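Enquirer: Here it is: the structure, laid out below.
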Amino acid sequence: MIKNIIKGELSFPGDKSISHRALMLAALCDGESRISNLSNGADVKSTRECLEACGIEIRNDGEEVIVKGGRFSDPREPLDCGNSGTTTRLLLGLLAGRGITATFVGDESLSARPMNRILDPLFQMGLKAESNNGSLPITIHKSELTGIHYESPVASAQVKSAVLFAGLGASGKTSVSENVLTRDHTERMLQGLGVNISVKGLTTTVSKLSSPLPCIEITIPGDPSTAAFFAAAAALVPNSEIILNRILANPNRTGFFEALENMGSKMECLKQWDESGERIGNMKIFHRPLKSISISNNDVPGLIDEIPILAILATQAKGRTEVCGAKELRVKECDRIYAICSNLKRMGADIEELDDGFIINGPTPLTGAKIETFNDHRIAMAFTIAGLITDGEIILDNPDCACISYPEFYSVLEGLIQ
Ligand code: S3P
């Protein structure tokens, strides 16, 4: 039974992907870079601490984070990447390109995630490294890297970015091709810094940096992957509306909002502008009756992190929603296909698990249930939003894991319920 409406106006901490990259690129700069609105989630903290362990000075100055770029040194202890795949994968490339010897470790979830997708191209470039059968712990050794052309077998911005970062320290040219365009923040930021980079279709090429980068000054746009949960809350709860300000609107990241609009939700773009090489926007989202949609291969990179919350919306949409071509979800912070399907079944949804996605027939009323988060922030947040429309309570086994991307998630949501 729905007793409340969702109403309010929000802005969010900086996009997680851009925050990781801003810290890493600032570490390559000559002098002090200033970053505003850095993500305050635990994942970006992991990146900051790993860079500090490699000799990069980072300090807070009021609301800003100041990074003194310069020389990297070998860390004395293993680099703890926590829960963060982006920290691990991008730093593997960046530090390999800096000739650093380091061991990477992480929590239980991260230690089960595939890392050969990064090690394979780095080995081809000449990196010497050992891993635990393609997983963490991984030790990389100071190596001379040579540029390669790499055809990435997985649609992954992390793979693309790791190879490009390694390429900044490799002799000759390094290029990466992908089958589907994935988020392109690395390319945009390198372009903005005046790096010699060419982007032609799905192939990006960089050369060895001949000098340190100029300093960065950036205010990071709000994270659309966090905003998606609040957009979904307004779309699900009758009579709701919400304004989301200063949200990253890079076309490779807006897949969820396009899907929501295709499902029938009313969306108004209030304003859009460009800043630091990225599109940013303010928007308003209103509740409307929802209808089903289909998501396949080519759509997936544009909304990969939003599929858990999309599944919640699909349970309230009229018709058959099919998500396929999303096998990558099986190797995220948890097996997200299983997490979505097992929890939604427990709540009474009509959902069928596929090897690479799921089929949901809607609408069905959802009932309260005990939710297994698998310690995955996006599962915890998606099912909390589902709890806004359930008859009975949602009880998460680990609500705290939301702090990986958005520590204020529960209090901000609480403030919108009227
Ligand atoms: C990210 C890329 C995506 C995404 C992850 C962050 C990035 O992963 O799921 O949360 O910052 O490059 P893949 O590129 O491996 O799909």
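Ordered as shown in the structure tokens, chains take letters A, B, and onward, while each chain numbers its residues from 1 and ligands are numbered from 1 in the order shown.
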What does the list of residues within 10 Å of ligand 1 look like if you count only C-alpha atoms and all ligand atoms, written as a VMD selection string?
Expert: chain A and resid 15 to 21 84 to 87 89 to 90 114 117 154 to 162 182 to 186 225 300 to 306 326 328 to 329 331 to 333 378 405
Enquirer: Taking only segment 196-377 of chain A into account, list the residues labelled strand (DSSP E or B) by DSSP (computed from the backbone), as number ranges by chain.
Expert: A: 197-200, 203-207, 213, 217-219, 222, 241-248, 266-275, 278-286, 290-291, 294-295, 317-323, 350-354, 357-362, 367-371
Enquirer: Within 10 Å of Lys327 of chain A, counting only C-alpha atoms, which residues show up once you throw out same-chain ones fewer than 4 positions away? Write them as a PDB file with N, CA, C and O atoms, in the first residue's frame, please.
Expert:
ATOM      1  N   ASN A 297      21.895  -6.048 -26.285  1.00  0.00           N
ATOM      2  CA  ASN A 297      23.363  -5.815 -26.391  1.00  0.00           C
ATOM      3  C   ASN A 297      23.834  -4.374 -26.471  1.00  0.00           C
ATOM      4  O   ASN A 297      24.579  -3.918 -25.616  1.00  0.00           O
ATOM      5  N   VAL A 300      23.178  -1.946 -23.598  1.00  0.00           N
ATOM      6  CA  VAL A 300      23.634  -2.275 -22.238  1.00  0.00           C
ATOM      7  C   VAL A 300      24.719  -1.336 -21.689  1.00  0.00           C
ATOM      8  O   VAL A 300      24.592  -0.848 -20.563  1.00  0.00           O
ATOM      9  N   VAL A 331      29.319 -10.447 -13.357  1.00  0.00           N
ATOM     10  CA  VAL A 331      30.652 -10.246 -12.753  1.00  0.00           C
ATOM     11  C   VAL A 331      30.819  -8.817 -12.237  1.00  0.00           C
ATOM     12  O   VAL A 331      31.919  -8.268 -12.238  1.00  0.00           O
ATOM     13  N   LYS A 332      29.722  -8.219 -11.795  1.00  0.00           N
ATOM     14  CA  LYS A 332      29.808  -6.904 -11.141  1.00  0.00           C
ATOM     15  C   LYS A 332      30.073  -7.130  -9.646  1.00  0.00           C
ATOM     16  O   LYS A 332      30.554  -8.182  -9.265  1.00  0.00           O
ATOM     17  N   ASP A 335      26.774 -11.134  -8.521  1.00  0.00           N
ATOM     18  CA  ASP A 335      26.074 -11.602  -9.724  1.00  0.00           C
ATOM     19  C   ASP A 335      24.722 -10.887  -9.715  1.00  0.00           C
ATOM     20  O   ASP A 335      23.775 -11.324  -9.060  1.00  0.00           O
ATOM     21  N   ARG A 336      24.668  -9.766 -10.415  1.00  0.00           N
ATOM     22  CA  ARG A 336      23.470  -8.918 -10.306  1.00  0.00           C
ATOM     23  C   ARG A 336      22.244  -9.548 -10.957  1.00  0.00           C
ATOM     24  O   ARG A 336      21.119  -9.234 -10.567  1.00  0.00           O
ATOM     25  N   ILE A 337      22.426 -10.419 -11.963  1.00  0.00           N
ATOM     26  CA  ILE A 337      21.247 -11.059 -12.568  1.00  0.00           C
ATOM     27  C   ILE A 337      20.596 -11.951 -11.510  1.00  0.00           C
ATOM     28  O   ILE A 337      19.384 -11.886 -11.270  1.00  0.00           O
ATOM     29  N   LEU A 354      17.449 -15.288 -17.221  1.00  0.00           N
ATOM     30  CA  LEU A 354      18.122 -15.746 -18.432  1.00  0.00           C
ATOM     31  C   LEU A 354      19.619 -15.757 -18.142  1.00  0.00           C
ATOM     32  O   LEU A 354      20.089 -15.104 -17.205  1.00  0.00           O
ATOM     33  N   ASP A 355      20.376 -16.454 -18.984  1.00  0.00           N
ATOM     34  CA  ASP A 355      21.827 -16.476 -18.810  1.00  0.00           C
ATOM     35  C   ASP A 355      22.390 -15.047 -18.882  1.00  0.00           C
ATOM     36  O   ASP A 355      23.282 -14.677 -18.126  1.00  0.00           O
ATOM     37  N   ASP A 356      21.828 -14.221 -19.769  1.00  0.00           N
ATOM     38  CA  ASP A 356      22.380 -12.877 -19.985  1.00  0.00           C
ATOM     39  C   ASP A 356      21.371 -11.772 -19.668  1.00  0.00           C
ATOM     40  O   ASP A 356      21.439 -10.697 -20.242  1.00  0.00           O
ATOM     41  N   GLY A 357      20.425 -12.047 -18.791  1.00  0.00           N
ATOM     42  CA  GLY A 357      19.439 -11.014 -18.444  1.00  0.00           C
ATOM     43  C   GLY A 357      18.239 -11.606 -17.748  1.00  0.00           C
ATOM     44  O   GLY A 357      18.354 -12.564 -16.975  1.00  0.00           O
TER      45      GLY A 357
END
Enquirer: With distances taken over only C-alpha atoms, which of A:Val180, A:Ile417, A:Ile197, A:Ile404 is nearest to Ser46 of chain A?
Expert: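 So, comparing all the options, the nearest one is A:Ile404.
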Enquirer: Skipping near chain neighbours, those fewer than 3 positions away, what residues fall within 9 Å of Ser276 of chain A using only C-alpha atoms, listed as a list of chain:residue names?
Expert: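 Here the qualifying residues turn out to be A:Arg188, A:Met189, A:Gly192, A:Glu217, A:Ile218, A:Thr219, A:Ile220, A:Arg279.
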Enquirer: Give me a file of those residues, with N, CA, C and O atoms, as a PDB file, in the first residue's frame.
Expert:
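Once everything was written out, this is out36.pdb:
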ATOM      1  N   ARG A 188      37.609  11.981 -23.135  1.00  0.00           N
ATOM      2  CA  ARG A 188      37.258  13.413 -23.035  1.00  0.00           C
ATOM      3  C   ARG A 188      38.227  14.152 -22.123  1.00  0.00           C
ATOM      4  O   ARG A 188      38.627  15.283 -22.417  1.00  0.00           O
ATOM      5  N   MET A 189      38.584  13.531 -21.030  1.00  0.00           N
ATOM      6  CA  MET A 189      39.474  14.227 -20.090  1.00  0.00           C
ATOM      7  C   MET A 189      40.872  14.373 -20.687  1.00  0.00           C
ATOM      8  O   MET A 189      41.515  15.417 -20.540  1.00  0.00           O
ATOM      9  N   GLY A 192      40.779  17.137 -23.120  1.00  0.00           N
ATOM     10  CA  GLY A 192      40.726  18.413 -22.399  1.00  0.00           C
ATOM     11  C   GLY A 192      42.085  18.826 -21.866  1.00  0.00           C
ATOM     12  O   GLY A 192      42.344  20.022 -21.680  1.00  0.00           O
ATOM     13  N   GLU A 217      41.453  21.687 -13.259  1.00  0.00           N
ATOM     14  CA  GLU A 217      40.497  22.347 -12.376  1.00  0.00           C
ATOM     15  C   GLU A 217      39.117  21.897 -12.822  1.00  0.00           C
ATOM     16  O   GLU A 217      38.732  22.173 -13.959  1.00  0.00           O
ATOM     17  N   ILE A 218      38.433  21.178 -11.984  1.00  0.00           N
ATOM     18  CA  ILE A 218      37.153  20.602 -12.430  1.00  0.00           C
ATOM     19  C   ILE A 218      36.140  20.561 -11.280  1.00  0.00           C
ATOM     20  O   ILE A 218      36.512  20.310 -10.129  1.00  0.00           O
ATOM     21  N   THR A 219      34.884  20.851 -11.616  1.00  0.00           N
ATOM     22  CA  THR A 219      33.769  20.576 -10.702  1.00  0.00           C
ATOM     23  C   THR A 219      33.044  19.386 -11.309  1.00  0.00           C
ATOM     24  O   THR A 219      32.516  19.474 -12.429  1.00  0.00           O
ATOM     25  N   ILE A 220      33.057  18.280 -10.617  1.00  0.00           N
ATOM     26  CA  ILE A 220      32.557  17.040 -11.221  1.00  0.00           C
ATOM     27  C   ILE A 220      31.022  17.055 -11.249  1.00  0.00           C
ATOM     28  O   ILE A 220      30.380  17.375 -10.246  1.00  0.00           O
ATOM     29  N   ARG A 279      28.615  17.102 -20.990  1.00  0.00           N
ATOM     30  CA  ARG A 279      27.266  17.686 -20.994  1.00  0.00           C
ATOM     31  C   ARG A 279      26.653  17.505 -19.599  1.00  0.00           C
ATOM     32  O   ARG A 279      26.852  16.454 -18.960  1.00  0.00           O
TER      33      ARG A 279
END
Enquirer: May I have the residues within 10 Å of Gly222 of chain A as a PyMOL selection string, using only C-alpha atoms and disregarding those fewer than 4 positions away in the same chain?
Expert: chain A and resi 10-16+18+37-39+226-227+244-249+280-281
Enquirer: Output N, CA and C atoms for every residue in the selection just made, as an mmCIF file, in the first residue's frame.
Expert:
data_model
loop_
_atom_site.group_PDB
_atom_site.id
_atom_site.type_symbol
_atom_site.label_atom_id
_atom_site.label_comp_id
_atom_site.auth_asym_id
_atom_site.auth_seq_id
_atom_site.Cartn_x
_atom_site.Cartn_y
_atom_site.Cartn_z
ATOM 1 N N LEU A 10 17.005 17.880 -5.938
ATOM 2 C CA LEU A 10 18.270 17.319 -5.440
ATOM 3 C C LEU A 10 19.424 17.619 -6.384
ATOM 4 N N SER A 11 20.638 17.683 -5.812
ATOM 5 C CA SER A 11 21.858 17.570 -6.617
ATOM 6 C C SER A 11 22.725 16.547 -5.899
ATOM 7 N N PHE A 12 23.709 16.008 -6.595
ATOM 8 C CA PHE A 12 24.423 14.847 -6.063
ATOM 9 C C PHE A 12 25.935 15.048 -6.080
ATOM 10 N N PRO A 13 26.643 14.281 -5.229
ATOM 11 C CA PRO A 13 28.105 14.252 -5.314
ATOM 12 C C PRO A 13 28.540 13.796 -6.715
ATOM 13 N N GLY A 14 29.780 14.081 -7.043
ATOM 14 C CA GLY A 14 30.291 13.884 -8.391
ATOM 15 C C GLY A 14 30.209 12.449 -8.892
ATOM 16 N N ASP A 15 30.070 12.342 -10.199
ATOM 17 C CA ASP A 15 30.020 11.046 -10.859
ATOM 18 C C ASP A 15 31.229 10.203 -10.436
ATOM 19 N N LYS A 16 30.952 8.937 -10.117
ATOM 20 C CA LYS A 16 32.004 8.056 -9.607
ATOM 21 C C LYS A 16 33.084 7.807 -10.664
ATOM 22 N N ILE A 18 33.989 9.639 -13.245
ATOM 23 C CA ILE A 18 34.810 10.833 -13.502
ATOM 24 C C ILE A 18 35.677 11.138 -12.268
ATOM 25 N N ASN A 37 33.404 18.807 -5.856
ATOM 26 C CA ASN A 37 32.316 17.827 -5.953
ATOM 27 C C ASN A 37 32.810 16.416 -6.295
ATOM 28 N N LEU A 38 33.944 16.052 -5.703
ATOM 29 C CA LEU A 38 34.447 14.675 -5.870
ATOM 30 C C LEU A 38 33.453 13.717 -5.193
ATOM 31 N N SER A 39 33.266 12.542 -5.773
ATOM 32 C CA SER A 39 32.399 11.541 -5.126
ATOM 33 C C SER A 39 32.911 11.272 -3.710
ATOM 34 N N THR A 226 23.587 7.490 -9.544
ATOM 35 C CA THR A 226 22.947 7.700 -8.238
ATOM 36 C C THR A 226 21.596 8.380 -8.439
ATOM 37 N N ALA A 227 21.562 9.384 -9.317
ATOM 38 C CA ALA A 227 20.314 10.111 -9.592
ATOM 39 C C ALA A 227 19.218 9.149 -10.073
ATOM 40 N N LEU A 244 16.097 17.055 -10.588
ATOM 41 C CA LEU A 244 17.473 16.594 -10.391
ATOM 42 C C LEU A 244 18.390 17.600 -11.092
ATOM 43 N N ASN A 245 19.251 18.242 -10.327
ATOM 44 C CA ASN A 245 20.070 19.329 -10.875
ATOM 45 C C ASN A 245 21.519 18.917 -11.087
ATOM 46 N N ARG A 246 22.120 19.489 -12.143
ATOM 47 C CA ARG A 246 23.564 19.347 -12.397
ATOM 48 C C ARG A 246 24.002 17.889 -12.553
ATOM 49 N N ILE A 247 23.180 17.140 -13.316
ATOM 50 C CA ILE A 247 23.467 15.713 -13.507
ATOM 51 C C ILE A 247 24.269 15.528 -14.792
ATOM 52 N N LEU A 248 25.286 14.671 -14.743
ATOM 53 C CA LEU A 248 26.051 14.340 -15.944
ATOM 54 C C LEU A 248 25.097 13.804 -17.008
ATOM 55 N N ALA A 249 25.165 14.415 -18.223
ATOM 56 C CA ALA A 249 24.255 13.986 -19.298
ATOM 57 C C ALA A 249 25.050 13.524 -20.521
ATOM 58 N N ILE A 280 25.981 18.538 -19.140
ATOM 59 C CA ILE A 280 25.358 18.492 -17.809
ATOM 60 C C ILE A 280 23.923 18.976 -17.962
ATOM 61 N N GLY A 281 23.007 18.497 -17.128
ATOM 62 C CA GLY A 281 21.628 18.946 -17.263
ATOM 63 C C GLY A 281 20.850 18.963 -15.958
#
Enquirer: Compare A:Pro251, A:Pro308, A:Gly126, A:Pro407 by their minimum atom-to-atom distance to Phe229 of chain A, counting only C-alpha atoms, and give me the closest one.
Expert: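 Checking each candidate against Phe229 of chain A, we get A:Pro308 as the closest.
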Enquirer: Could you name the residues that touch segment 381-390 of chain A at 7 Å or less, counting only C-alpha atoms, but leaving out those on the same chain fewer than 4 positions away, as a VMD selection string?
Expert: chain A and resid 1 to 2 229 233 237 308 to 309 312 366 to 368 377 394 402
Enquirer: Neighbours of Ala349 of chain A within 12 Å (only C-alpha atoms; same-chain residues fewer than 2 positions away dropped), as a VMD selection string?
Expert: chain A and resid 311 to 317 340 to 347 351 to 353 358 to 369 386 390
Enquirer: In Å, how far is it from atom CA of Gly62 of chain A to atom CA of Ala22 of chain A?
Expert: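 Pair atom CA of Gly62 of chain A / atom CA of Ala22 of chain A returns 17.8 Å.
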